[in-house]
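Raw contents of start21.pdb, PDB, C-alpha atoms:
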```
ATOM      1  CA  MET A 272     -25.703  40.086   7.289
ATOM      2  CA  ALA A 273     -26.645  43.738   6.852
ATOM      3  CA  ALA A 274     -24.655  45.636   4.254
ATOM      4  CA  GLY A 275     -22.929  48.790   5.362
ATOM      5  CA  LYS A 276     -19.978  51.106   5.002
ATOM      6  CA  ASN A 277     -17.844  48.880   7.255
ATOM      7  CA  ASP A 278     -18.221  45.711   5.155
ATOM      8  CA  ALA A 279     -14.753  46.278   3.705
ATOM      9  CA  LYS A 280     -13.367  45.583   7.175
ATOM     10  CA  ARG A 281     -14.518  41.978   7.028
ATOM     11  CA  ARG A 282     -12.037  39.207   6.399
ATOM     12  CA  LYS A 283     -12.686  36.101   4.357
ATOM     13  CA  GLY A 284     -15.538  34.211   5.984
ATOM     14  CA  GLY A 285     -17.291  37.359   7.137
ATOM     15  CA  VAL A 286     -15.208  37.970  10.276
ATOM     16  CA  PHE A 287     -15.089  41.644  11.214
ATOM     17  CA  ASP A 288     -11.504  42.887  11.476
ATOM     18  CA  PRO A 289     -10.716  46.596  11.971
ATOM     19  CA  LEU A 290      -6.926  46.081  11.867
ATOM     20  CA  LYS A 291      -4.908  47.156   8.838
ATOM     21  CA  ASP A 292      -4.319  44.336   6.345
ATOM     22  CA  SER A 293      -0.674  43.228   6.139
ATOM     23  CA  SER A 294      -0.767  43.132   2.337
ATOM     24  CA  VAL A 295      -1.674  46.839   2.285
ATOM     25  CA  ASP A 296       1.379  47.777   4.315
ATOM     26  CA  LYS A 297       3.545  45.567   2.123
ATOM     27  CA  LEU A 298       2.576  47.717  -0.876
ATOM     28  CA  ARG A 299       2.887  50.980   1.058
ATOM     29  CA  ALA A 300       6.392  50.084   2.180
ATOM     30  CA  ARG A 301       7.487  49.958  -1.459
ATOM     31  CA  ALA A 302       6.410  53.580  -1.979
ATOM     32  CA  ILE A 303       8.360  55.031   0.941
ATOM     33  CA  PRO A 304      11.078  57.481  -0.190
ATOM     34  CA  ARG A 305      14.483  55.851  -0.595
ATOM     35  CA  THR A 306      16.788  57.036   2.162
ATOM     36  CA  PRO A 307      19.715  55.413   3.972
ATOM     37  CA  GLN A 308      17.272  54.480   6.723
ATOM     38  CA  SER A 309      14.535  53.008   4.544
ATOM     39  CA  GLU A 310      17.121  51.165   2.406
ATOM     40  CA  SER A 311      18.618  49.425   5.423
ATOM     41  CA  PRO A 312      17.807  45.681   5.701
ATOM     42  CA  SER A 313      16.698  46.276   9.270
ATOM     43  CA  TYR A 314      13.845  48.466   8.010
ATOM     44  CA  ARG A 315      12.218  45.778   5.870
ATOM     45  CA  LEU A 316       8.932  44.339   7.056
ATOM     46  CA  ALA A 317       9.868  41.014   8.627
ATOM     47  CA  TYR A 318       7.338  38.973   6.665
ATOM     48  CA  VAL A 319       8.639  40.160   3.267
ATOM     49  CA  ASP A 320      12.338  40.072   4.183
ATOM     50  CA  GLU A 321      13.641  36.979   2.377
ATOM     51  CA  ASP A 322      17.105  37.260   3.876
ATOM     52  CA  PHE A 323      15.594  37.296   7.358
ATOM     53  CA  LEU A 324      13.250  34.377   6.625
ATOM     54  CA  CYS A 325      16.197  32.291   5.386
ATOM     55  CA  ARG A 326      18.233  32.671   8.571
ATOM     56  CA  ASP A 327      19.052  29.500  10.503
ATOM     57  CA  GLU A 328      17.011  30.702  13.465
ATOM     58  CA  LEU A 329      13.890  30.883  11.287
ATOM     59  CA  ARG A 330      13.941  27.191  10.303
ATOM     60  CA  PRO A 331      10.942  26.383  12.560
ATOM     61  CA  VAL A 332       8.971  29.136  10.819
ATOM     62  CA  ARG A 333       9.913  27.848   7.358
ATOM     63  CA  LEU A 334       8.875  24.325   8.340
ATOM     64  CA  GLN A 335       5.520  25.672   9.473
ATOM     65  CA  LEU A 336       5.046  27.674   6.287
ATOM     66  CA  GLU A 337       5.709  24.616   4.097
ATOM     67  CA  LEU A 338       3.167  22.688   6.135
ATOM     68  CA  LEU A 339       0.558  25.446   6.035
ATOM     69  CA  LYS A 340       0.686  26.680   2.430
ATOM     70  CA  PRO A 341      -0.271  23.420   0.642
ATOM     71  CA  GLU A 342      -2.662  22.427   3.423
ATOM     72  CA  MET A 343      -4.561  25.700   3.187
ATOM     73  CA  THR A 344      -4.678  25.534  -0.617
ATOM     74  CA  LEU A 345      -5.940  21.940  -0.694
ATOM     75  CA  THR A 346      -8.539  22.730   1.950
ATOM     76  CA  GLU A 347      -9.736  25.820   0.086
ATOM     77  CA  MET A 348     -10.063  23.759  -3.112
ATOM     78  CA  GLY A 349     -12.132  21.156  -1.280
ATOM     79  CA  ILE A 350      -9.759  18.217  -1.773
ATOM     80  CA  LYS A 351     -10.591  15.624   0.868
ATOM     81  CA  SER A 352      -8.627  12.538  -0.162
ATOM     82  CA  THR A 353      -5.913  11.524  -2.579
ATOM     83  CA  VAL A 354      -4.348   8.547  -4.319
ATOM     84  CA  VAL A 355      -0.554   8.752  -4.204
ATOM     85  CA  LEU A 356       1.691   7.532  -7.017
ATOM     86  CA  PHE A 357       5.381   6.993  -6.257
ATOM     87  CA  GLY A 358       7.912   5.768  -8.804
ATOM     88  CA  GLY A 359      11.075   6.374 -10.760
ATOM     89  CA  ALA A 360      11.729   9.727 -12.414
ATOM     90  CA  ARG A 361      13.971   7.952 -14.919
ATOM     91  CA  ILE A 362      11.343   5.636 -16.407
ATOM     92  CA  PRO A 363      10.566   6.874 -19.945
ATOM     93  CA  ALA A 364       7.281   7.075 -21.754
ATOM     94  CA  PRO A 365       6.771   4.289 -24.314
ATOM     95  CA  GLY A 366       8.570   5.041 -27.560
ATOM     96  CA  THR A 367      10.901   7.664 -26.065
ATOM     97  CA  GLU A 368      14.597   7.469 -25.350
ATOM     98  CA  PRO A 369      15.648   6.501 -21.794
ATOM     99  CA  TRP A 370      17.473   9.764 -21.105
ATOM    100  CA  ALA A 371      18.941   8.533 -17.808
ATOM    101  CA  ALA A 372      20.626   5.409 -19.190
ATOM    102  CA  ARG A 373      24.410   5.372 -18.611
ATOM    103  CA  ASN A 374      25.139   2.129 -20.424
ATOM    104  CA  GLU A 375      23.487  -0.454 -22.660
ATOM    105  CA  VAL A 376      22.193  -2.555 -19.760
ATOM    106  CA  GLN A 377      20.438   0.438 -18.248
ATOM    107  CA  ARG A 378      19.098   1.442 -21.654
ATOM    108  CA  LYS A 379      17.566  -2.003 -22.122
ATOM    109  CA  ASN A 380      16.071  -2.135 -18.632
ATOM    110  CA  LEU A 381      14.660   1.395 -18.694
ATOM    111  CA  THR A 382      13.179   0.928 -22.141
ATOM    112  CA  ALA A 383      11.415  -2.226 -20.955
ATOM    113  CA  ALA A 384      10.270  -0.366 -17.834
ATOM    114  CA  SER A 385       8.276   2.067 -19.965
ATOM    115  CA  THR A 386       5.367  -0.338 -19.477
ATOM    116  CA  TYR A 387       5.130   1.031 -15.941
ATOM    117  CA  TYR A 388       4.732   4.555 -17.323
ATOM    118  CA  GLU A 389       1.702   3.358 -19.256
ATOM    119  CA  GLU A 390       0.233   1.456 -16.299
ATOM    120  CA  ALA A 391       0.671   4.506 -14.070
ATOM    121  CA  ARG A 392      -1.117   6.599 -16.676
ATOM    122  CA  LYS A 393      -3.981   4.094 -16.876
ATOM    123  CA  PHE A 394      -4.265   3.734 -13.117
ATOM    124  CA  ALA A 395      -4.376   7.496 -12.646
ATOM    125  CA  ALA A 396      -7.143   7.695 -15.259
ATOM    126  CA  LEU A 397      -9.190   5.119 -13.337
ATOM    127  CA  CYS A 398      -8.726   7.106 -10.137
ATOM    128  CA  ALA A 399      -9.717  10.301 -11.950
ATOM    129  CA  GLN A 400     -12.918   8.721 -13.241
ATOM    130  CA  GLU A 401     -13.831   7.661  -9.724
ATOM    131  CA  SER A 402     -12.889  11.112  -8.464
ATOM    132  CA  ALA A 403     -15.347  12.677 -10.915
ATOM    133  CA  LEU A 404     -18.156  10.819  -9.148
ATOM    134  CA  HIS A 405     -17.213  12.726  -5.990
ATOM    135  CA  GLY A 406     -16.912  16.169  -7.525
ATOM    136  CA  HIS A 407     -13.147  15.772  -7.812
ATOM    137  CA  GLN A 408     -12.851  16.029  -4.033
ATOM    138  CA  GLU A 409     -11.973  12.385  -3.362
ATOM    139  CA  TYR A 410      -9.344  10.101  -4.936
ATOM    140  CA  VAL A 411      -7.414  13.044  -6.392
ATOM    141  CA  VAL A 412      -4.138  11.856  -7.939
ATOM    142  CA  VAL A 413      -0.966  13.244  -6.340
ATOM    143  CA  THR A 414       2.625  12.647  -7.425
ATOM    144  CA  GLY A 415       6.019  14.190  -6.841
ATOM    145  CA  GLY A 416       5.325  16.383  -9.855
ATOM    146  CA  GLY A 417       8.450  15.453 -11.801
ATOM    147  CA  PRO A 418       9.151  13.244 -14.849
ATOM    148  CA  GLY A 419       8.851   9.487 -15.325
ATOM    149  CA  VAL A 420       6.177   7.720 -13.321
ATOM    150  CA  MET A 421       5.228  11.033 -11.727
ATOM    151  CA  GLU A 422       4.513  12.562 -15.118
ATOM    152  CA  ALA A 423       2.526   9.479 -16.109
ATOM    153  CA  GLY A 424       0.303   9.789 -13.033
ATOM    154  CA  ASN A 425      -0.424  13.470 -13.530
ATOM    155  CA  ARG A 426      -0.897  12.883 -17.246
ATOM    156  CA  GLY A 427      -3.442  10.096 -16.809
ATOM    157  CA  ALA A 428      -5.517  12.171 -14.418
ATOM    158  CA  SER A 429      -5.273  15.315 -16.529
ATOM    159  CA  GLU A 430      -6.262  13.496 -19.712
ATOM    160  CA  ALA A 431      -9.323  12.192 -17.872
ATOM    161  CA  GLY A 432     -10.332  15.772 -17.084
ATOM    162  CA  ALA A 433      -9.438  15.731 -13.395
ATOM    163  CA  PRO A 434      -7.351  18.102 -11.281
ATOM    164  CA  THR A 435      -4.064  16.559 -10.215
ATOM    165  CA  ILE A 436      -1.476  17.523  -7.611
ATOM    166  CA  GLY A 437       2.312  17.793  -7.911
ATOM    167  CA  LEU A 438       4.526  18.048  -4.829
ATOM    168  CA  ASN A 439       7.866  19.124  -6.250
ATOM    169  CA  ILE A 440      11.092  19.565  -4.353
ATOM    170  CA  LEU A 441      14.179  21.537  -5.274
ATOM    171  CA  LEU A 442      16.834  19.114  -6.531
ATOM    172  CA  PRO A 443      19.913  19.559  -8.736
ATOM    173  CA  HIS A 444      18.145  17.750 -11.603
ATOM    174  CA  GLU A 445      14.993  15.937 -12.716
ATOM    175  CA  GLN A 446      12.448  17.830 -10.690
ATOM    176  CA  ALA A 447      10.945  20.693 -12.707
ATOM    177  CA  PRO A 448       7.139  20.401 -12.659
ATOM    178  CA  ASN A 449       5.777  18.283 -15.474
ATOM    179  CA  PRO A 450       3.192  19.996 -17.718
ATOM    180  CA  TYR A 451       0.287  17.798 -16.577
ATOM    181  CA  VAL A 452       0.128  19.068 -12.997
ATOM    182  CA  THR A 453      -2.813  21.400 -12.393
ATOM    183  CA  PRO A 454      -1.081  24.807 -12.055
ATOM    184  CA  ALA A 455      -3.060  25.798  -8.962
ATOM    185  CA  LEU A 456      -2.037  22.485  -7.359
ATOM    186  CA  SER A 457       1.659  22.673  -8.222
ATOM    187  CA  PHE A 458       3.685  23.016  -5.007
ATOM    188  CA  ASN A 459       7.387  23.343  -4.309
ATOM    189  CA  PHE A 460       9.259  22.243  -1.195
ATOM    190  CA  HIS A 461      12.625  22.660   0.462
ATOM    191  CA  TYR A 462      12.055  20.135   3.263
ATOM    192  CA  PHE A 463      11.678  16.452   2.379
ATOM    193  CA  ALA A 464      10.002  15.752   5.731
ATOM    194  CA  ILE A 465       7.155  18.210   5.181
ATOM    195  CA  ARG A 466       6.695  17.021   1.611
ATOM    196  CA  LYS A 467       6.337  13.453   2.876
ATOM    197  CA  MET A 468       3.677  14.556   5.345
ATOM    198  CA  HIS A 469       1.640  16.098   2.543
ATOM    199  CA  PHE A 470       1.877  12.899   0.501
ATOM    200  CA  LEU A 471       0.295  10.909   3.316
ATOM    201  CA  MET A 472      -2.063  13.316   5.086
ATOM    202  CA  ARG A 473      -4.985  12.704   2.692
ATOM    203  CA  ALA A 474      -3.946   9.368   1.182
ATOM    204  CA  ARG A 475      -6.675   6.783   0.521
ATOM    205  CA  ALA A 476      -4.199   4.531  -1.303
ATOM    206  CA  ILE A 477      -0.539   4.462  -2.294
ATOM    207  CA  ALA A 478       0.695   2.947  -5.553
ATOM    208  CA  VAL A 479       4.448   2.379  -5.819
ATOM    209  CA  PHE A 480       6.140   1.710  -9.141
ATOM    210  CA  PRO A 481       9.753   0.657  -9.697
ATOM    211  CA  GLY A 482      12.155   3.406  -8.780
ATOM    212  CA  GLY A 483      15.392   4.318  -7.054
ATOM    213  CA  PHE A 484      16.435   5.559  -3.635
ATOM    214  CA  GLY A 485      13.693   8.190  -3.483
ATOM    215  CA  THR A 486      10.968   5.671  -4.283
ATOM    216  CA  LEU A 487      12.367   3.204  -1.739
ATOM    217  CA  ASP A 488      12.464   5.960   0.861
ATOM    218  CA  GLU A 489       8.817   6.816   0.226
ATOM    219  CA  LEU A 490       7.752   3.157   0.267
ATOM    220  CA  PHE A 491       9.458   2.350   3.563
ATOM    221  CA  GLU A 492       8.246   5.572   5.162
ATOM    222  CA  ALA A 493       4.659   4.623   4.356
ATOM    223  CA  VAL A 494       4.875   0.946   5.292
ATOM    224  CA  THR A 495       6.629   1.791   8.581
ATOM    225  CA  LEU A 496       3.856   4.206   9.560
ATOM    226  CA  ILE A 497       1.227   1.573   8.738
ATOM    227  CA  GLN A 498       3.149  -1.254  10.429
ATOM    228  CA  THR A 499       3.570   0.776  13.628
ATOM    229  CA  ARG A 500      -0.065   1.921  13.467
ATOM    230  CA  ARG A 501       0.894   5.558  13.383
ATOM    231  CA  MET A 502      -1.177   5.633  10.202
ATOM    232  CA  ALA A 503      -4.388   3.824   9.364
ATOM    233  CA  ARG A 504      -4.015   0.841   7.087
ATOM    234  CA  ILE A 505      -4.717   1.789   3.478
ATOM    235  CA  PRO A 506      -4.060  -0.090   0.220
ATOM    236  CA  LEU A 507      -0.304  -0.140  -0.384
ATOM    237  CA  ILE A 508       0.075  -1.345  -3.958
ATOM    238  CA  LEU A 509       3.375  -2.334  -5.550
ATOM    239  CA  PHE A 510       3.518  -2.593  -9.342
ATOM    240  CA  GLY A 511       5.932  -5.189 -10.725
ATOM    241  CA  GLU A 512       6.217  -8.115  -8.304
ATOM    242  CA  LYS A 513       9.339  -9.505 -10.002
ATOM    243  CA  PHE A 514      11.131  -6.180  -9.622
ATOM    244  CA  TRP A 515      10.299  -5.814  -5.946
ATOM    245  CA  HIS A 516      11.191  -9.361  -4.964
ATOM    246  CA  LYS A 517      14.476  -9.055  -6.841
ATOM    247  CA  ILE A 518      15.663  -5.947  -4.994
ATOM    248  CA  ILE A 519      14.060  -6.592  -1.577
ATOM    249  CA  ASP A 520      13.763  -9.983   0.064
ATOM    250  CA  PHE A 521      10.707  -9.315   2.198
ATOM    251  CA  GLN A 522      10.444 -12.958   3.211
ATOM    252  CA  ALA A 523      14.038 -12.899   4.459
ATOM    253  CA  LEU A 524      13.128 -10.080   6.834
ATOM    254  CA  ALA A 525      10.236 -12.137   8.188
ATOM    255  CA  ASP A 526      12.346 -15.287   8.425
ATOM    256  CA  PHE A 527      15.071 -13.421  10.297
ATOM    257  CA  GLY A 528      12.476 -12.055  12.690
ATOM    258  CA  THR A 529      12.970  -8.332  12.098
ATOM    259  CA  ILE A 530       9.397  -8.014  10.841
ATOM    260  CA  ALA A 531       6.346 -10.115  11.664
ATOM    261  CA  PRO A 532       5.247 -12.649   9.026
ATOM    262  CA  GLU A 533       1.920 -10.833   8.677
ATOM    263  CA  ASP A 534       3.687  -7.537   7.899
ATOM    264  CA  ILE A 535       4.261  -8.809   4.364
ATOM    265  CA  GLU A 536       0.476  -8.813   3.968
ATOM    266  CA  LEU A 537       0.549  -5.014   4.123
ATOM    267  CA  LEU A 538       1.898  -5.107   0.557
ATOM    268  CA  ASN A 539      -0.268  -5.822  -2.495
ATOM    269  CA  PHE A 540       1.638  -6.846  -5.625
ATOM    270  CA  VAL A 541       0.030  -6.137  -9.001
ATOM    271  CA  GLU A 542       1.023  -5.906 -12.651
ATOM    272  CA  THR A 543      -1.740  -3.803 -14.209
ATOM    273  CA  ALA A 544      -3.822  -0.734 -13.517
ATOM    274  CA  GLU A 545      -6.964  -2.865 -13.443
ATOM    275  CA  GLU A 546      -5.490  -5.149 -10.777
ATOM    276  CA  ALA A 547      -4.491  -2.131  -8.705
ATOM    277  CA  TRP A 548      -7.955  -0.661  -8.978
ATOM    278  CA  GLN A 549      -9.459  -3.977  -7.864
ATOM    279  CA  VAL A 550      -7.298  -3.868  -4.716
ATOM    280  CA  MET A 551      -8.763  -0.451  -3.912
ATOM    281  CA  ALA A 552     -12.309  -1.500  -4.780
ATOM    282  CA  ASP A 553     -12.089  -4.560  -2.534
ATOM    283  CA  PHE A 554     -10.542  -2.618   0.341
ATOM    284  CA  TYR A 555     -13.175   0.124   0.301
ATOM    285  CA  ASP A 556     -16.024  -2.199  -0.626
ATOM    286  CA  MET A 557     -16.939  -0.094  -3.621
ATOM    287  CA  GLU A 558     -20.270  -0.999  -5.145
ATOM    288  CA  LYS A 559     -18.923  -1.056  -8.676
ATOM    289  CA  PRO A 560     -15.576  -0.773 -10.426
ATOM    290  CA  ALA A 561     -14.416   2.434 -11.995
ATOM    291  CA  PRO A 562     -16.029   3.289 -15.351
ATOM    292  CA  SER A 563     -14.399   1.572 -18.321
ATOM    293  CA  ARG A 564     -11.866   3.573 -20.308
TER     294      ARG A 564
END
```

Let's see the structure in the file written out as structure tokens.
Amino acid sequence: MAAGKNDAKRRKGGVFDPLKDSSVDKLRARAIPRTPQSESPSYRLAYVDEDFLCRDELRPVRLQLELLKPEMTLTEMGIKSTVVLFGGARIPAPGTEPWAARNEVQRKNLTAASTYYEEARKFAALCAQESALHGHQEYVVVTGGGPGVMEAGNRGASEAGAPTIGLNILLPHEQAPNPYVTPALSFNFHYFAIRKMHFLMRARAIAVFPGGFGTLDELFEAVTLIQTRRMARIPLILFGEKFWHKIIDFQALADFGTIAPEDIELLNFVETAEEAWQVMADFYDMEKPAPSR
């Protein structure tokens, strides 16, 4: 491409564009003299008018923006596939107080559940080591970006030197980004539906740890898409077989006839990070296991 005085008119990717850039006018609008006319809400540029963008009629636009922003960022950063970790925000790290416990029974159970924090951390580290073999473009760890199991997943990947994604959502509590999410890959959502799409759009595997309503929602969303073949079959790994069989009687669903007997085979029950990794290695016929820790 020949250099010339018009090169500044080229957009990213080298496309020639003689039209004025919208970001330029956004800055120029701030410098316009303050008058009753320029101070009126109607005068604001539509794409920087937050009140306008939050109107009920603009919901379709907001949905599109939440779909586009993370997708464009992940594409620009070259991330091609992910490993998703779902699990309880209330599960504490080993040796820490179970902050969410409301009584002694919960305190005991959550303290014991800290083993899942450690297994999530180890599993994420294994994924990160595999990801390094692919230039950190494949098997990138993604979580909901909050505390508990989510923190453990981001932490394990970060400690292994890998980028890691956090898909946060605005909630009354629990959901500030944990410090292990890669800042450039820390996203925030208003719409649960769009957030769920981003969890699954690049997923090579899904690991689900014990959790509450949110974790159950994410599990059943994923298994329904796989069961109905709206999504390709990928490893769906559940940590803690005793926990899952205690709260959900999968066999009862099959016996009753509301799912097919073979649908239970969509679920892989494991106890350790190594077992989970083996499920992935077998599914994708990997030539060798992840490097040892």

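The residues returned by the PyMOL selection byres ((chain A and resi 365-379) around 12) for this structure are Gly359, Ala360, Arg361, Ile362, Pro363, Ala364, Asn380, Leu381, Thr382, Ala383, Ala384, Ser385, Thr386, Tyr387, Tyr388, Glu389, Glu390, Ala391, Arg392, Pro418, Gly419, Val420, Ala423, His444 and Glu445 of chain A.
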
Could those selected residues go to a file with C-alpha atoms, as a PDB file, keeping the file's coordinate frame?
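File written: again.pdb
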```
ATOM      1  CA  GLY A 359      11.075   6.374 -10.760  1.00  0.00           C
ATOM      2  CA  ALA A 360      11.729   9.727 -12.414  1.00  0.00           C
ATOM      3  CA  ARG A 361      13.971   7.952 -14.919  1.00  0.00           C
ATOM      4  CA  ILE A 362      11.343   5.636 -16.407  1.00  0.00           C
ATOM      5  CA  PRO A 363      10.566   6.874 -19.945  1.00  0.00           C
ATOM      6  CA  ALA A 364       7.281   7.075 -21.754  1.00  0.00           C
ATOM      7  CA  ASN A 380      16.071  -2.135 -18.632  1.00  0.00           C
ATOM      8  CA  LEU A 381      14.660   1.395 -18.694  1.00  0.00           C
ATOM      9  CA  THR A 382      13.179   0.928 -22.141  1.00  0.00           C
ATOM     10  CA  ALA A 383      11.415  -2.226 -20.955  1.00  0.00           C
ATOM     11  CA  ALA A 384      10.270  -0.366 -17.834  1.00  0.00           C
ATOM     12  CA  SER A 385       8.276   2.067 -19.965  1.00  0.00           C
ATOM     13  CA  THR A 386       5.367  -0.338 -19.477  1.00  0.00           C
ATOM     14  CA  TYR A 387       5.130   1.031 -15.941  1.00  0.00           C
ATOM     15  CA  TYR A 388       4.732   4.555 -17.323  1.00  0.00           C
ATOM     16  CA  GLU A 389       1.702   3.358 -19.256  1.00  0.00           C
ATOM     17  CA  GLU A 390       0.233   1.456 -16.299  1.00  0.00           C
ATOM     18  CA  ALA A 391       0.671   4.506 -14.070  1.00  0.00           C
ATOM     19  CA  ARG A 392      -1.117   6.599 -16.676  1.00  0.00           C
ATOM     20  CA  PRO A 418       9.151  13.244 -14.849  1.00  0.00           C
ATOM     21  CA  GLY A 419       8.851   9.487 -15.325  1.00  0.00           C
ATOM     22  CA  VAL A 420       6.177   7.720 -13.321  1.00  0.00           C
ATOM     23  CA  ALA A 423       2.526   9.479 -16.109  1.00  0.00           C
ATOM     24  CA  HIS A 444      18.145  17.750 -11.603  1.00  0.00           C
ATOM     25  CA  GLU A 445      14.993  15.937 -12.716  1.00  0.00           C
TER      26      GLU A 445
END
```

Report task. Just say which residues the PyMOL selection byres ((chain A and resi 406) around 12) picks in this file, as an NGL selection string. Result -> :A and (348-352 or 399-405 or 407-411 or 432-434)

Query raised in the report: Expanded to explicit residues, what is the PyMOL selection byres ((chain A and resi 456) around 9) for this file, as a ChimeraX atom specification?
Result: /A:341,344-345,434-438,452-455,457-458

**Report entry** d(CA of Arg501 (chain A), CA of Ala531 (chain A)) in Å
**Finding:**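 Going from CA of Arg501 (chain A) over to CA of Ala531 (chain A) covers 16.7 Å.
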
Report task. Excluding Ala552 (chain A) and any residue of its chain fewer than 3 positions from it, enumerate the residues within 12 Å of it, using only C-alpha atoms, and give them as a PyMOL selection string. Result -> chain A and resi 397-398+401+410+475-476+505-506+545-549+555-561

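Take CA of Thr486 (chain A) and CA of Gln522 (chain A): the distance between them is 20.1 Å.
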
Query raised in the report: Which residue, A:His469, A:Phe480, A:Lys517, A:Glu492, has the smallest gap to Lys340 (chain A) when you use only C-alpha atoms?
Result: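 For Lys340 (chain A), the nearest of the given residues is A:His469.
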
Requested in this report: Determine, counting only C-alpha atoms, which protein, DNA and RNA residues have an atom within 9 Å of an atom of Leu316 (chain A); residues of the same chain fewer than 5 positions away are not included. Present the result as a PyMOL selection string.
Outcome: chain A and resi 296-297+300

Query raised in the report: What does the distance from CA of Ala395 (chain A) to CA of Phe521 (chain A) come to in Å, to one decimal?
Result: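 Distance between the two atoms: 27.0 Å.
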
Query raised in the report: If we count all atoms listed in the file, what is near region 318-329 of chain A at a cut-off of 10 Å, once residues fewer than 6 positions away on the same chain are taken out, given as a list in words?
Result: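 Once the adjacent positions are removed, what remains is Ser293, Ser294, Lys297 and Pro312 of chain A.
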
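Residue nearest Leu490 (chain A) within the list A:Leu537, A:Leu298, A:Ala317, A:Leu524: A:Leu537 [criterion: smallest interatomic distance, only C-alpha atoms].
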
Query - Selected residue, from A:Gly285, A:Pro304, A:Pro331, A:Gly528, that lies nearest to Tyr462 (chain A) when counting only C-alpha atoms - result: A:Pro331

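Using only C-alpha atoms, the nearest neighbour of Pro481 (chain A) within the list A:Glu347, A:Glu536, A:Glu542, A:Asp292 is A:Glu542.
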
Query raised in the report: In terms of the shortest atom-to-atom distance over all atoms listed in the file, which of A:Met421, A:Leu356, A:Val541, A:Val286 is closest to Pro448 (chain A)?
Result: A:Met421

Requested in this report: Measuring atom to atom with all atoms listed in the file, identify which of A:Ala503, A:Val479, A:Ala525, A:Ala431 is nearest to Leu538 (chain A).
Outcome: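 Checking each of A:Ala503, A:Val479, A:Ala525, A:Ala431 against Leu538 (chain A), counting all atoms listed in the file, the winner is A:Val479.
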